[in-house]
Amino acid sequence: MLLTISTTHRPATDLGFLLHKHPDRVQAFPQSYGTAHVCYPEVGEERCTAALVLDVEPQALLRSRGAGRSPDFALAQYVNDRPYAASSLFAVALGDVFRSALKGKCAARPELAAAAIPLTLRLPAVACRGGPAEVRRMFEPLGWEVEATAVPLDPGLPGWGDSRYVDLTLSGEFRLADALSHLYVLLPVLDGAKHYWVSGAEVDKLLRAGEGWLAGHPERGVIARRYLARRQRLVRDAIERLAEVDDAATGGAPGSDADPVVEEPEDREGSASLAEQRAGAVLAVLRAEQARRVIDLGCGSGKLLARLLDEPRFERVTGVDVSAAAVEWARRRLRVDGMPPQRAERLGLFVGSALYRDRRFAGHDAAVLMEVVEHVDPSRLPALAAVVFGHAAPRTVVVTTPNVEYNIRYAGLAAGRLRHADHRFEWTRAEFAAWAGAVAERYGYQVRYLPVGDADPELGPPTQMGVFTR
């Protein structure tokens, strides 16, 4: 089994620091069923490639726990694909050999471990029940560019068709820890089989490895079922805990005292009108851009959705939130169950994440990210941009976010404090412009900036808005 990890980050040799494996050494790591080797077939300042090779010894595999559960024919324990195709065996070796890299630890380059870098992962033989389409269904929502080709049963006999193996190449900008965690979880999921007994500890392992991305994956139920070998009790536990992660991410649940939408801390000083001004500014832009089909990514409890539905000019209004609790609250706020049929036909409402590709995001004139980006880890912003501007690609995108320079105007907000505990960052006007300009250039948009709220002559407005148009 073979995995190569390549980067063009400069200096590319920093890959050795991230993997905790020196490029000048060939290292071997004994496993219970063989030996894992790490080497660097390509080392340079502009490009560096590390290779993980797993050499499976059939007799050792036979002796390992669980090896007896194999197809019912005499030589099945000896004649199988395990030594050659990426599977749960390979995932276990990856987790063992790159343990520190999986955790995102790098004392020598901590800032690099926290940053997204260009990566290309290549696995020439991936066991996959479902072929290239299944691989894309699992990896594309994470933001990967996927090149998957079915391996023929026999290249000399094309009439025999394709095997269940895929030659896979993944390309994108990710933290190395995230990239490895995707492989660690999804390789056994694609294979649909595990070589060891699945116990309750596997739930903790799944949630730990999938932290930051699994809860929002559109196929998280399928992933949990396959990873946990379809053991229903374990699957239910995993799904419930993933749902709790969704709810915690937005700070509430229906019936609690807190709104599940992370809203304005400004409310505490009586400036709830800023929320109204923000929604009004978004609506004004959508009207000016003559949008007819609008998707609100991070719709929360549906306040903007209600205002959109009140205007017949908006023929289709779609609300999306990563929290199932928030979506349920939006349904209640909008009184979906008692909504007149004409109004209900214009509304779409579902659980999803702007960090993961979803076919349902496409087909809209405009997308709104209102007070959303600051809740995203900086390392995941490239994934958000790829999904919204690259994959969904509406004609207009409206983004609003706090102006951190204005924070000192908030009563009781000390210098350096962010407006909400869940904010991962807050941008200055220059930082927002730098991010927005780079996104616009990369995905073929133009961007203009509009103030929201009463602007301070020196500090600017409390909320800054970027309007991206094609």
# chains A, B, ... in the order shown; residues from 1 in each chain; ligands from 1
>>> residues_around(residues="Ser87 in chain A", least_positions_apart="5", cutoff="8 Å", atoms="only C-alpha atoms", output="list in words")
Arg82, Val126, Ala127, Leu187, Pro188, Leu190, Asp191, Ala193 and Lys194 of chain A
>>> residues_around(residues="Phe29 in chain A", least_positions_apart="4", cutoff="9 Å", atoms="only C-alpha atoms", output="PyMOL selection string")
chain A and resi 34-38+93+96-97
>>> residues_around(residues="range 1-12 of chain A", least_positions_apart="4", cutoff="6 Å", atoms="only C-alpha atoms", output="PyMOL selection string")
chain A and resi 45-54+84-86+118-123
>>> write_last_selection(atoms="C-alpha atoms", output="PDB file, in the first residue's frame")
ATOM      1  CA  GLU A  45      13.008  23.844  -1.947  1.00  0.00           C
ATOM      2  CA  GLU A  46      10.174  24.133  -4.496  1.00  0.00           C
ATOM      3  CA  ARG A  47       8.619  20.676  -4.162  1.00  0.00           C
ATOM      4  CA  CYS A  48       8.930  17.887  -1.626  1.00  0.00           C
ATOM      5  CA  THR A  49       7.280  14.457  -1.554  1.00  0.00           C
ATOM      6  CA  ALA A  50       7.034  12.018   1.340  1.00  0.00           C
ATOM      7  CA  ALA A  51       5.956   8.415   0.856  1.00  0.00           C
ATOM      8  CA  LEU A  52       4.355   6.017   3.322  1.00  0.00           C
ATOM      9  CA  VAL A  53       4.676   2.408   2.194  1.00  0.00           C
ATOM     10  CA  LEU A  54       2.941  -0.363   4.121  1.00  0.00           C
ATOM     11  CA  TYR A  84      -2.008  -4.149  -1.755  1.00  0.00           C
ATOM     12  CA  ALA A  85      -5.022  -1.814  -1.414  1.00  0.00           C
ATOM     13  CA  ALA A  86      -5.433   1.131   0.972  1.00  0.00           C
ATOM     14  CA  PRO A 118      -0.817  23.327  -0.991  1.00  0.00           C
ATOM     15  CA  LEU A 119      -0.962  19.531  -0.817  1.00  0.00           C
ATOM     16  CA  THR A 120      -1.291  16.682  -3.286  1.00  0.00           C
ATOM     17  CA  LEU A 121      -2.079  13.223  -1.926  1.00  0.00           C
ATOM     18  CA  ARG A 122      -1.758  10.188  -4.205  1.00  0.00           C
ATOM     19  CA  LEU A 123      -2.976   6.665  -3.481  1.00  0.00           C
TER      20      LEU A 123
END
>>> residues_around(residues="range 371-384 of chain A", least_positions_apart="3", cutoff="7 Å", atoms="only C-alpha atoms", output="list in words")
Ala114, Ala115, Ala116, Gly143, Arg175, Gly298, Ala354, Leu355, Val387, Val388, Thr400, Thr401, Asp422, His423, Arg424, Phe425 and Glu426 of chain A
>>> residues_around(residues="Glu145 in chain A", least_positions_apart="6", cutoff="9 Å", atoms="only C-alpha atoms", output="ChimeraX atom specification")
/A:136,139,169-172
>>> write_last_selection(atoms="N, CA and C atoms", output="PDB file, in the first residue's frame")
ATOM      1  N   ARG A 136     -15.618  10.799  -4.830  1.00  0.00           N
ATOM      2  CA  ARG A 136     -15.939  12.221  -4.939  1.00  0.00           C
ATOM      3  C   ARG A 136     -16.981  12.625  -3.908  1.00  0.00           C
ATOM      4  N   PHE A 139     -14.935  13.059  -0.591  1.00  0.00           N
ATOM      5  CA  PHE A 139     -13.843  14.030  -0.476  1.00  0.00           C
ATOM      6  C   PHE A 139     -14.175  15.416  -1.022  1.00  0.00           C
ATOM      7  N   THR A 169      -6.097  10.775  -6.642  1.00  0.00           N
ATOM      8  CA  THR A 169      -5.244  11.931  -6.381  1.00  0.00           C
ATOM      9  C   THR A 169      -6.107  13.053  -5.814  1.00  0.00           C
ATOM     10  N   LEU A 170      -5.695  13.604  -4.676  1.00  0.00           N
ATOM     11  CA  LEU A 170      -6.402  14.700  -4.020  1.00  0.00           C
ATOM     12  C   LEU A 170      -5.500  15.923  -4.013  1.00  0.00           C
ATOM     13  N   SER A 171      -6.053  17.077  -4.404  1.00  0.00           N
ATOM     14  CA  SER A 171      -5.277  18.314  -4.423  1.00  0.00           C
ATOM     15  C   SER A 171      -6.060  19.420  -3.734  1.00  0.00           C
ATOM     16  N   GLY A 172      -5.366  20.266  -2.987  1.00  0.00           N
ATOM     17  CA  GLY A 172      -6.026  21.386  -2.327  1.00  0.00           C
ATOM     18  C   GLY A 172      -5.106  22.034  -1.316  1.00  0.00           C
TER      19      GLY A 172
END
>>> atom_distance(atom1="CA of Leu102 in chain A", atom2="CA of Gly131 in chain A")
26.7 Å
>>> select_by_dssp(residues="range 19-220 of chain A", states="strand (DSSP E)", output="MDAnalysis selection string")
chainID A and resid 27:31 34:42 48:56 117:127 145:152 162:174
>>> select_by_dssp(residues="range 336-435 of chain A", states="helix (DSSP H, G or I)", output="PDB file with N, CA and C atoms, in the first residue's frame")
ATOM      1  N   VAL A 336     -43.470  27.273   9.435  1.00  0.00           N
ATOM      2  CA  VAL A 336     -43.494  26.533   8.180  1.00  0.00           C
ATOM      3  C   VAL A 336     -44.701  25.608   8.082  1.00  0.00           C
ATOM      4  N   ASP A 337     -45.047  24.956   9.184  1.00  0.00           N
ATOM      5  CA  ASP A 337     -46.147  23.987   9.138  1.00  0.00           C
ATOM      6  C   ASP A 337     -47.480  24.633   8.794  1.00  0.00           C
ATOM      7  N   GLY A 338     -47.655  25.900   9.185  1.00  0.00           N
ATOM      8  CA  GLY A 338     -48.911  26.582   8.877  1.00  0.00           C
ATOM      9  C   GLY A 338     -48.777  27.617   7.784  1.00  0.00           C
ATOM     10  N   PRO A 341     -49.514  27.835   1.100  1.00  0.00           N
ATOM     11  CA  PRO A 341     -48.793  27.046   0.085  1.00  0.00           C
ATOM     12  C   PRO A 341     -47.915  27.871  -0.839  1.00  0.00           C
ATOM     13  N   GLN A 342     -48.397  29.045  -1.278  1.00  0.00           N
ATOM     14  CA  GLN A 342     -47.604  29.860  -2.192  1.00  0.00           C
ATOM     15  C   GLN A 342     -46.295  30.301  -1.562  1.00  0.00           C
ATOM     16  N   ARG A 343     -46.364  30.663  -0.291  1.00  0.00           N
ATOM     17  CA  ARG A 343     -45.155  31.097   0.428  1.00  0.00           C
ATOM     18  C   ARG A 343     -44.233  29.900   0.680  1.00  0.00           C
ATOM     19  N   ALA A 344     -44.818  28.763   1.061  1.00  0.00           N
ATOM     20  CA  ALA A 344     -44.025  27.563   1.356  1.00  0.00           C
ATOM     21  C   ALA A 344     -43.275  27.068   0.126  1.00  0.00           C
ATOM     22  N   GLU A 345     -43.877  27.223  -1.050  1.00  0.00           N
ATOM     23  CA  GLU A 345     -43.224  26.758  -2.283  1.00  0.00           C
ATOM     24  C   GLU A 345     -41.958  27.549  -2.589  1.00  0.00           C
ATOM     25  N   ARG A 359     -24.599  20.025  -3.616  1.00  0.00           N
ATOM     26  CA  ARG A 359     -25.282  20.343  -4.877  1.00  0.00           C
ATOM     27  C   ARG A 359     -26.423  21.326  -4.675  1.00  0.00           C
ATOM     28  N   ARG A 360     -27.024  21.312  -3.500  1.00  0.00           N
ATOM     29  CA  ARG A 360     -28.171  22.178  -3.242  1.00  0.00           C
ATOM     30  C   ARG A 360     -27.794  23.653  -3.151  1.00  0.00           C
ATOM     31  N   PHE A 361     -26.499  23.955  -3.045  1.00  0.00           N
ATOM     32  CA  PHE A 361     -26.061  25.350  -2.994  1.00  0.00           C
ATOM     33  C   PHE A 361     -26.106  26.005  -4.371  1.00  0.00           C
ATOM     34  N   VAL A 373     -18.372  34.466   8.550  1.00  0.00           N
ATOM     35  CA  VAL A 373     -16.963  34.115   8.337  1.00  0.00           C
ATOM     36  C   VAL A 373     -16.152  34.160   9.623  1.00  0.00           C
ATOM     37  N   GLU A 374     -16.521  35.047  10.557  1.00  0.00           N
ATOM     38  CA  GLU A 374     -15.733  35.173  11.792  1.00  0.00           C
ATOM     39  C   GLU A 374     -15.900  33.969  12.713  1.00  0.00           C
ATOM     40  N   HIS A 375     -16.853  33.088  12.415  1.00  0.00           N
ATOM     41  CA  HIS A 375     -17.045  31.866  13.196  1.00  0.00           C
ATOM     42  C   HIS A 375     -16.271  30.679  12.606  1.00  0.00           C
ATOM     43  N   PRO A 378      -9.527  30.238  10.741  1.00  0.00           N
ATOM     44  CA  PRO A 378      -8.815  30.811   9.586  1.00  0.00           C
ATOM     45  C   PRO A 378      -8.303  29.771   8.603  1.00  0.00           C
ATOM     46  N   SER A 379      -7.892  28.608   9.110  1.00  0.00           N
ATOM     47  CA  SER A 379      -7.369  27.575   8.209  1.00  0.00           C
ATOM     48  C   SER A 379      -8.447  26.995   7.304  1.00  0.00           C
ATOM     49  N   ARG A 380      -9.738  27.195   7.666  1.00  0.00           N
ATOM     50  CA  ARG A 380     -10.828  26.657   6.851  1.00  0.00           C
ATOM     51  C   ARG A 380     -11.416  27.684   5.887  1.00  0.00           C
ATOM     52  N   LEU A 381     -10.947  28.940   5.957  1.00  0.00           N
ATOM     53  CA  LEU A 381     -11.476  29.965   5.060  1.00  0.00           C
ATOM     54  C   LEU A 381     -11.249  29.635   3.586  1.00  0.00           C
ATOM     55  N   PRO A 382     -10.098  29.048   3.189  1.00  0.00           N
ATOM     56  CA  PRO A 382      -9.970  28.654   1.775  1.00  0.00           C
ATOM     57  C   PRO A 382     -11.048  27.655   1.350  1.00  0.00           C
ATOM     58  N   ALA A 383     -11.432  26.738   2.254  1.00  0.00           N
ATOM     59  CA  ALA A 383     -12.488  25.783   1.925  1.00  0.00           C
ATOM     60  C   ALA A 383     -13.821  26.503   1.742  1.00  0.00           C
ATOM     61  N   LEU A 384     -14.116  27.468   2.623  1.00  0.00           N
ATOM     62  CA  LEU A 384     -15.350  28.239   2.490  1.00  0.00           C
ATOM     63  C   LEU A 384     -15.378  28.987   1.160  1.00  0.00           C
ATOM     64  N   ALA A 385     -14.272  29.626   0.815  1.00  0.00           N
ATOM     65  CA  ALA A 385     -14.217  30.369  -0.445  1.00  0.00           C
ATOM     66  C   ALA A 385     -14.408  29.443  -1.641  1.00  0.00           C
ATOM     67  N   ALA A 386     -13.774  28.260  -1.587  1.00  0.00           N
ATOM     68  CA  ALA A 386     -13.903  27.315  -2.695  1.00  0.00           C
ATOM     69  C   ALA A 386     -15.337  26.847  -2.872  1.00  0.00           C
ATOM     70  N   VAL A 387     -16.038  26.615  -1.749  1.00  0.00           N
ATOM     71  CA  VAL A 387     -17.423  26.145  -1.824  1.00  0.00           C
ATOM     72  C   VAL A 387     -18.348  27.239  -2.339  1.00  0.00           C
ATOM     73  N   VAL A 388     -18.258  28.434  -1.751  1.00  0.00           N
ATOM     74  CA  VAL A 388     -19.208  29.501  -2.073  1.00  0.00           C
ATOM     75  C   VAL A 388     -18.902  30.141  -3.420  1.00  0.00           C
ATOM     76  N   PHE A 389     -17.646  30.565  -3.625  1.00  0.00           N
ATOM     77  CA  PHE A 389     -17.292  31.305  -4.832  1.00  0.00           C
ATOM     78  C   PHE A 389     -16.906  30.392  -5.991  1.00  0.00           C
ATOM     79  N   GLY A 390     -16.352  29.224  -5.683  1.00  0.00           N
ATOM     80  CA  GLY A 390     -15.894  28.335  -6.739  1.00  0.00           C
ATOM     81  C   GLY A 390     -16.912  27.300  -7.159  1.00  0.00           C
ATOM     82  N   HIS A 391     -17.583  26.674  -6.178  1.00  0.00           N
ATOM     83  CA  HIS A 391     -18.503  25.571  -6.476  1.00  0.00           C
ATOM     84  C   HIS A 391     -19.935  26.078  -6.691  1.00  0.00           C
ATOM     85  N   ALA A 392     -20.506  26.778  -5.704  1.00  0.00           N
ATOM     86  CA  ALA A 392     -21.864  27.321  -5.855  1.00  0.00           C
ATOM     87  C   ALA A 392     -21.867  28.447  -6.888  1.00  0.00           C
ATOM     88  N   VAL A 404     -13.326  45.054  13.742  1.00  0.00           N
ATOM     89  CA  VAL A 404     -12.702  44.974  15.063  1.00  0.00           C
ATOM     90  C   VAL A 404     -12.211  46.339  15.543  1.00  0.00           C
ATOM     91  N   GLU A 405     -11.903  47.235  14.616  1.00  0.00           N
ATOM     92  CA  GLU A 405     -11.445  48.565  15.010  1.00  0.00           C
ATOM     93  C   GLU A 405     -12.512  49.323  15.801  1.00  0.00           C
ATOM     94  N   TYR A 406     -13.775  48.991  15.553  1.00  0.00           N
ATOM     95  CA  TYR A 406     -14.884  49.702  16.181  1.00  0.00           C
ATOM     96  C   TYR A 406     -15.191  49.167  17.583  1.00  0.00           C
ATOM     97  N   ASN A 407     -14.569  48.067  17.965  1.00  0.00           N
ATOM     98  CA  ASN A 407     -14.954  47.379  19.209  1.00  0.00           C
ATOM     99  C   ASN A 407     -14.799  48.240  20.459  1.00  0.00           C
ATOM    100  N   ILE A 408     -13.862  49.166  20.454  1.00  0.00           N
ATOM    101  CA  ILE A 408     -13.676  49.979  21.655  1.00  0.00           C
ATOM    102  C   ILE A 408     -14.866  50.889  21.916  1.00  0.00           C
ATOM    103  N   ARG A 409     -15.763  51.025  20.951  1.00  0.00           N
ATOM    104  CA  ARG A 409     -16.960  51.835  21.148  1.00  0.00           C
ATOM    105  C   ARG A 409     -18.048  51.073  21.913  1.00  0.00           C
ATOM    106  N   ARG A 429     -10.531  46.749   8.861  1.00  0.00           N
ATOM    107  CA  ARG A 429     -11.001  47.037   7.504  1.00  0.00           C
ATOM    108  C   ARG A 429      -9.952  46.616   6.473  1.00  0.00           C
ATOM    109  N   ALA A 430      -8.677  46.842   6.775  1.00  0.00           N
ATOM    110  CA  ALA A 430      -7.619  46.461   5.830  1.00  0.00           C
ATOM    111  C   ALA A 430      -7.529  44.941   5.681  1.00  0.00           C
ATOM    112  N   GLU A 431      -7.691  44.208   6.790  1.00  0.00           N
ATOM    113  CA  GLU A 431      -7.628  42.738   6.728  1.00  0.00           C
ATOM    114  C   GLU A 431      -8.794  42.168   5.940  1.00  0.00           C
ATOM    115  N   PHE A 432      -9.994  42.722   6.148  1.00  0.00           N
ATOM    116  CA  PHE A 432     -11.154  42.258   5.391  1.00  0.00           C
ATOM    117  C   PHE A 432     -10.952  42.541   3.906  1.00  0.00           C
ATOM    118  N   ALA A 433     -10.450  43.732   3.581  1.00  0.00           N
ATOM    119  CA  ALA A 433     -10.228  44.079   2.183  1.00  0.00           C
ATOM    120  C   ALA A 433      -9.193  43.162   1.544  1.00  0.00           C
ATOM    121  N   ALA A 434      -8.156  42.801   2.296  1.00  0.00           N
ATOM    122  CA  ALA A 434      -7.123  41.912   1.754  1.00  0.00           C
ATOM    123  C   ALA A 434      -7.707  40.534   1.453  1.00  0.00           C
ATOM    124  N   TRP A 435      -8.502  39.999   2.389  1.00  0.00           N
ATOM    125  CA  TRP A 435      -9.112  38.685   2.158  1.00  0.00           C
ATOM    126  C   TRP A 435     -10.090  38.740   0.996  1.00  0.00           C
TER     127      TRP A 435
END
>>> residues_around(residues="range 300-315 of chain A", least_positions_apart="2", cutoff="6 Å", atoms="only C-alpha atoms", output="list in words")
Val261, Arg292, Arg293, Gly298, Ala326, Trp329, Ala330 and Arg346 of chain A
>>> residues_around(residues="range 197-212 of chain A", least_positions_apart="6", cutoff="8 Å", atoms="only C-alpha atoms", output="PyMOL selection string")
chain A and resi 65-66+181-182+184-185+224+227-229+234-235+237-238+242
>>> closest_residue(among="A:Arg109, A:Lys21, A:Arg164, A:Arg236", to="Arg220 in chain A", atoms="only C-alpha atoms")
A:Arg236
>>> closest_residue(among="A:Ala362, A:Ala101, A:Ala125, A:Met465", to="Val282 in chain A", atoms="only C-alpha atoms")
A:Met465
>>> atom_distance(atom1="CA of Ile223 in chain A", atom2="CA of Val189 in chain A")
6.1 Å
>>> closest_residue(among="A:His20, A:Arg357, A:Arg137, A:Arg316", to="Lys103 in chain A", atoms="only C-alpha atoms")
A:His20
>>> atom_distance(atom1="CA of Asp167 in chain A", atom2="CA of Ser32 in chain A")
26.4 Å
>>> closest_residue(among="A:Val294, A:Val368, A:Met138, A:Val166", to="Pro124 in chain A", atoms="only C-alpha atoms")
A:Val166
